[in-house]
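Reproduced below: protein-v4.txt, with compact mmCIF, C-alpha atoms.
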# COMPACT_ATOMS: atom_id res chain seq x y z
CA MET A 12 101.61 91.16 65.76
CA ASN A 13 99.33 92.58 63.11
CA SER A 14 99.70 96.14 61.83
CA GLU A 15 96.27 97.22 63.17
CA LEU A 16 97.28 96.35 66.74
CA LYS A 17 100.68 97.99 66.29
CA ASN A 18 99.01 101.17 64.99
CA LYS A 19 96.57 101.28 67.91
CA ILE A 20 99.36 100.78 70.44
CA SER A 21 101.22 103.76 68.95
CA LYS A 22 98.29 106.07 69.89
CA ILE A 23 97.96 105.05 73.55
CA LYS A 24 97.96 107.80 76.19
CA ILE A 25 95.96 106.01 78.91
CA ILE A 26 95.69 102.43 80.10
CA ALA A 27 92.46 102.13 82.08
CA THR A 28 91.65 98.88 83.82
CA ASP A 29 89.19 97.19 86.08
CA PHE A 30 90.78 95.90 89.31
CA ASP A 31 89.27 92.56 90.33
CA GLY A 32 89.90 89.97 87.66
CA ILE A 33 92.64 92.05 86.05
CA TRP A 34 95.17 92.87 88.78
CA THR A 35 93.77 89.98 90.87
CA ASN A 36 92.43 86.52 90.12
CA ALA A 37 88.97 87.83 91.14
CA MET A 38 89.05 85.82 94.35
CA VAL A 39 88.60 87.47 97.72
CA TYR A 40 89.72 86.13 101.06
CA VAL A 41 87.52 87.13 103.99
CA GLY A 42 88.78 86.88 107.56
CA ASP A 43 86.56 86.27 110.57
CA SER A 44 86.64 90.02 111.29
CA GLY A 45 85.26 90.72 107.81
CA GLN A 46 88.55 92.09 106.47
CA GLU A 47 89.00 91.29 102.79
CA MET A 48 92.30 90.44 101.15
CA VAL A 49 93.18 89.75 97.52
CA GLN A 50 96.13 88.21 95.76
CA CYS A 51 98.10 90.34 93.30
CA SER A 52 101.29 89.68 91.36
CA ARG A 53 104.35 91.87 91.78
CA LYS A 54 105.34 90.87 88.24
CA ASP A 55 102.33 92.80 86.97
CA THR A 56 103.71 96.01 88.44
CA LEU A 57 107.38 95.68 87.53
CA ARG A 58 107.17 97.67 84.27
CA ILE A 59 104.79 100.44 85.38
CA LYS A 60 107.63 102.95 85.61
CA GLU A 61 108.68 102.18 82.03
CA ILE A 62 105.10 102.56 80.78
CA LYS A 63 104.82 105.93 82.53
CA SER A 64 108.15 107.02 81.00
CA LEU A 65 106.42 106.77 77.60
CA GLY A 66 103.89 109.36 78.79
CA ILE A 67 101.18 106.76 79.29
CA GLU A 68 98.95 107.17 82.33
CA ILE A 69 97.62 104.10 84.12
CA LEU A 70 94.39 104.16 86.06
CA VAL A 71 92.01 101.76 87.73
CA ILE A 72 88.22 102.13 87.55
CA SER A 73 86.56 99.70 89.95
CA LYS A 74 82.98 99.08 90.95
CA GLU A 75 84.32 97.70 94.21
CA LYS A 76 84.74 100.12 97.07
CA ASN A 77 87.30 98.59 99.36
CA SER A 78 90.46 99.88 100.94
CA VAL A 79 92.43 97.00 99.41
CA VAL A 80 91.84 98.48 95.93
CA PHE A 81 93.01 101.94 97.03
CA GLU A 82 96.02 100.61 98.94
CA ARG A 83 97.23 98.47 96.06
CA CYS A 84 96.80 101.27 93.52
CA GLN A 85 98.63 103.70 95.78
CA LYS A 86 101.52 101.27 96.13
CA MET A 87 101.62 100.76 92.35
CA GLY A 88 101.50 104.52 91.80
CA VAL A 89 98.41 104.48 89.61
CA ALA A 90 95.26 106.58 89.84
CA CYS A 91 92.34 104.83 91.51
CA PHE A 92 88.63 105.45 91.09
CA GLN A 93 86.51 103.07 93.14
CA GLY A 94 82.86 102.60 93.91
CA VAL A 95 82.12 103.50 90.28
CA ASP A 96 78.78 102.08 89.12
CA GLU A 97 78.88 103.75 85.69
CA LYS A 98 82.45 103.21 84.50
CA ILE A 99 81.74 104.55 81.01
CA THR A 100 80.51 107.89 82.39
CA LEU A 101 83.70 108.35 84.39
CA LEU A 102 85.90 107.25 81.49
CA LYS A 103 84.26 109.73 79.12
CA LYS A 104 84.65 112.53 81.68
CA LEU A 105 88.32 111.72 82.24
CA LEU A 106 88.98 111.79 78.50
CA ALA A 107 87.14 115.09 78.10
CA ASP A 108 89.10 116.61 80.99
CA LYS A 109 92.38 115.50 79.40
CA ASN A 110 91.30 116.43 75.86
CA LEU A 111 91.86 112.87 74.67
CA ARG A 112 89.92 110.68 72.27
CA PRO A 113 88.78 107.06 72.70
CA GLU A 114 91.50 105.88 70.30
CA ASN A 115 94.08 107.07 72.86
CA VAL A 116 92.83 104.53 75.40
CA VAL A 117 93.42 100.88 76.18
CA TYR A 118 90.74 99.49 78.44
CA VAL A 119 91.36 96.15 80.13
CA GLY A 120 88.21 94.54 81.50
CA ASP A 121 87.11 91.04 82.30
CA ASP A 122 83.38 91.00 82.98
CA ILE A 123 80.01 92.31 81.85
CA ASN A 124 80.28 95.58 83.79
CA ASP A 125 83.28 96.44 81.57
CA LEU A 126 81.52 95.93 78.23
CA GLU A 127 80.57 99.58 77.62
CA CYS A 128 84.14 100.75 78.23
CA LEU A 129 85.54 97.98 76.04
CA LYS A 130 83.21 99.01 73.20
CA TYR A 131 84.10 102.70 73.60
CA VAL A 132 87.91 102.69 73.52
CA GLY A 133 90.29 102.35 70.62
CA LEU A 134 92.05 99.31 72.01
CA PRO A 135 89.87 96.96 74.09
CA MET A 136 91.72 94.16 75.88
CA THR A 137 90.75 91.33 78.17
CA VAL A 138 92.41 88.54 80.10
CA ALA A 139 92.48 84.84 79.24
CA ASP A 140 89.81 84.08 81.84
CA GLY A 141 87.64 87.05 80.92
CA HIS A 142 83.92 86.72 80.16
CA LYS A 143 83.11 85.46 76.66
CA LEU A 144 81.43 88.78 75.77
CA CYS A 145 84.61 90.65 76.66
CA LYS A 146 86.58 88.30 74.43
CA LYS A 147 84.22 89.04 71.53
CA ILE A 148 84.96 92.77 71.81
CA ALA A 149 88.64 92.63 72.69
CA LEU A 150 91.24 93.22 70.00
CA TYR A 151 93.77 91.52 72.29
CA THR A 152 93.25 88.74 74.82
CA THR A 153 96.15 87.87 77.08
CA THR A 154 97.46 84.34 77.35
CA LYS A 155 97.46 84.75 81.15
CA GLY A 156 94.50 85.08 83.48
CA GLY A 157 93.80 88.03 85.76
CA GLY A 158 96.25 88.25 88.64
CA ASP A 159 98.56 85.78 86.86
CA HIS A 160 100.80 88.31 85.10
CA ALA A 161 98.22 89.39 82.50
CA MET A 162 99.05 93.07 83.03
CA ARG A 163 102.76 92.27 82.68
CA GLU A 164 101.96 90.67 79.33
CA ILE A 165 100.13 93.84 78.24
CA PHE A 166 102.95 96.11 79.45
CA ASP A 167 105.53 93.94 77.65
CA LEU A 168 103.46 94.10 74.46
CA ILE A 169 103.24 97.89 74.60
CA LEU A 170 106.90 98.38 75.50
CA ASN A 171 108.11 95.98 72.82
CA THR A 172 105.94 97.74 70.23
CA ARG A 173 106.82 101.29 71.19
CA SER A 174 110.56 100.87 71.69
Represent the structure contained in this file as structure tokens.
Amino acid sequence: MNSELKNKISKIKIIATDFDGIWTNAMVYVGDSGQEMVQCSRKDTLRIKEIKSLGIEILVISKEKNSVVFERCQKMGVACFQGVDEKITLLKKLLADKNLRPENVVYVGDDINDLECLKYVGLPMTVADGHKLCKKIALYTTTKGGGDHAMREIFDLILNTRS
């Protein structure tokens, strides 16, 4: 790991992520009643408690407004903001409310609606199957795709660097 990445990881106070394509593989299953279901990995959530023990907050900012996003975030114990059309506006407000700076934030996004947040934060990250524009901005791209233990890879990276 290069020293720039190590230095940026040392400043992290918040990990903000998109939901679909990060915690999921971006696929949605729709039943005949219209109920949507997604696939998530329990391995992605295994180290959340350790991340929080470092004083790092984890939150999800999703354009999608669906109970599946809220339910999964609640089970993971992370803050959830959904139905957010302007993610950057919310992210800036959250940082102002917490008196934090962009360099204190990791943002993990995978598609074009995440670009502004990726450009704004100190440590932009994306997943292996993220959009090519996200990969151009990201300082770290996981070896795993969204929903395939990519968040676990990020948590391991942070924990291994900060311990």
Around (95.9, 91.5, 80.5) in the file's frame, which residues reach within 6 Å when counting all atoms listed in the file? Return as a PDB file with C-alpha atoms, keeping the file's coordinate frame?
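Saved as point_34.pdb:
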ATOM      1  CA  THR A 137      90.750  91.330  78.170  1.00  0.00           C
ATOM      2  CA  VAL A 138      92.410  88.540  80.100  1.00  0.00           C
ATOM      3  CA  THR A 153      96.150  87.870  77.080  1.00  0.00           C
ATOM      4  CA  ALA A 161      98.220  89.390  82.500  1.00  0.00           C
ATOM      5  CA  MET A 162      99.050  93.070  83.030  1.00  0.00           C
ATOM      6  CA  ILE A 165     100.130  93.840  78.240  1.00  0.00           C
TER       7      ILE A 165
END
Who sits within 12 Å of Asn171 in chain A, all atoms listed in the file, same chain under 4 positions skipped, as a list in words |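 Answer for this query is Met12, Lys17, Ile20, Ser21, Arg58, Glu61, Ile62, Leu65, Arg163, Glu164, Ile165, Phe166 and Asp167 of chain A.
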For each of A:Glu47, A:Glu82, A:Glu127, A:Glu75, take the minimum atom-to-atom distance to Lys98 in chain A, counting all atoms listed in the file, then give the residue where this is smallest.
->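 Using all atoms listed in the file, the shortest distance to Lys98 in chain A belongs to A:Glu127.
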Grab the CA of Asp108 in chain A to CA of Leu16 in chain A distance for me, in Å with one decimal place.
->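 Distance between the two atoms: 26.1 Å.
Using all atoms listed in the file for every distance, the candidate list A:Ile33, A:Ile25, A:Asp43, A:Ser73 yields A:Ile33 as the residue closest to Gly156 in chain A.
For the residues A:Lys155, A:Lys24, A:Lys86, A:Lys103, ranking by smallest atom-to-atom distance to Tyr131 in chain A using all atoms listed in the file places A:Lys103 first.
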Counting only C-alpha atoms, figure out which residue out of A:Lys74, A:Lys54, A:Lys19, A:Lys60 gets nearest to Val116 in chain A.
->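 Ranked by minimum distance to Val116 in chain A, first place goes to A:Lys19.
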Separation of CA of Arg83 in chain A and CA of Lys147 in chain A, in Å?
-> 29.3 Å
For the atom pair CA of Glu15 in chain A and CA of Leu70 in chain A, what is the interatomic distance in Å to one decimal place?
-> 24.0 Å
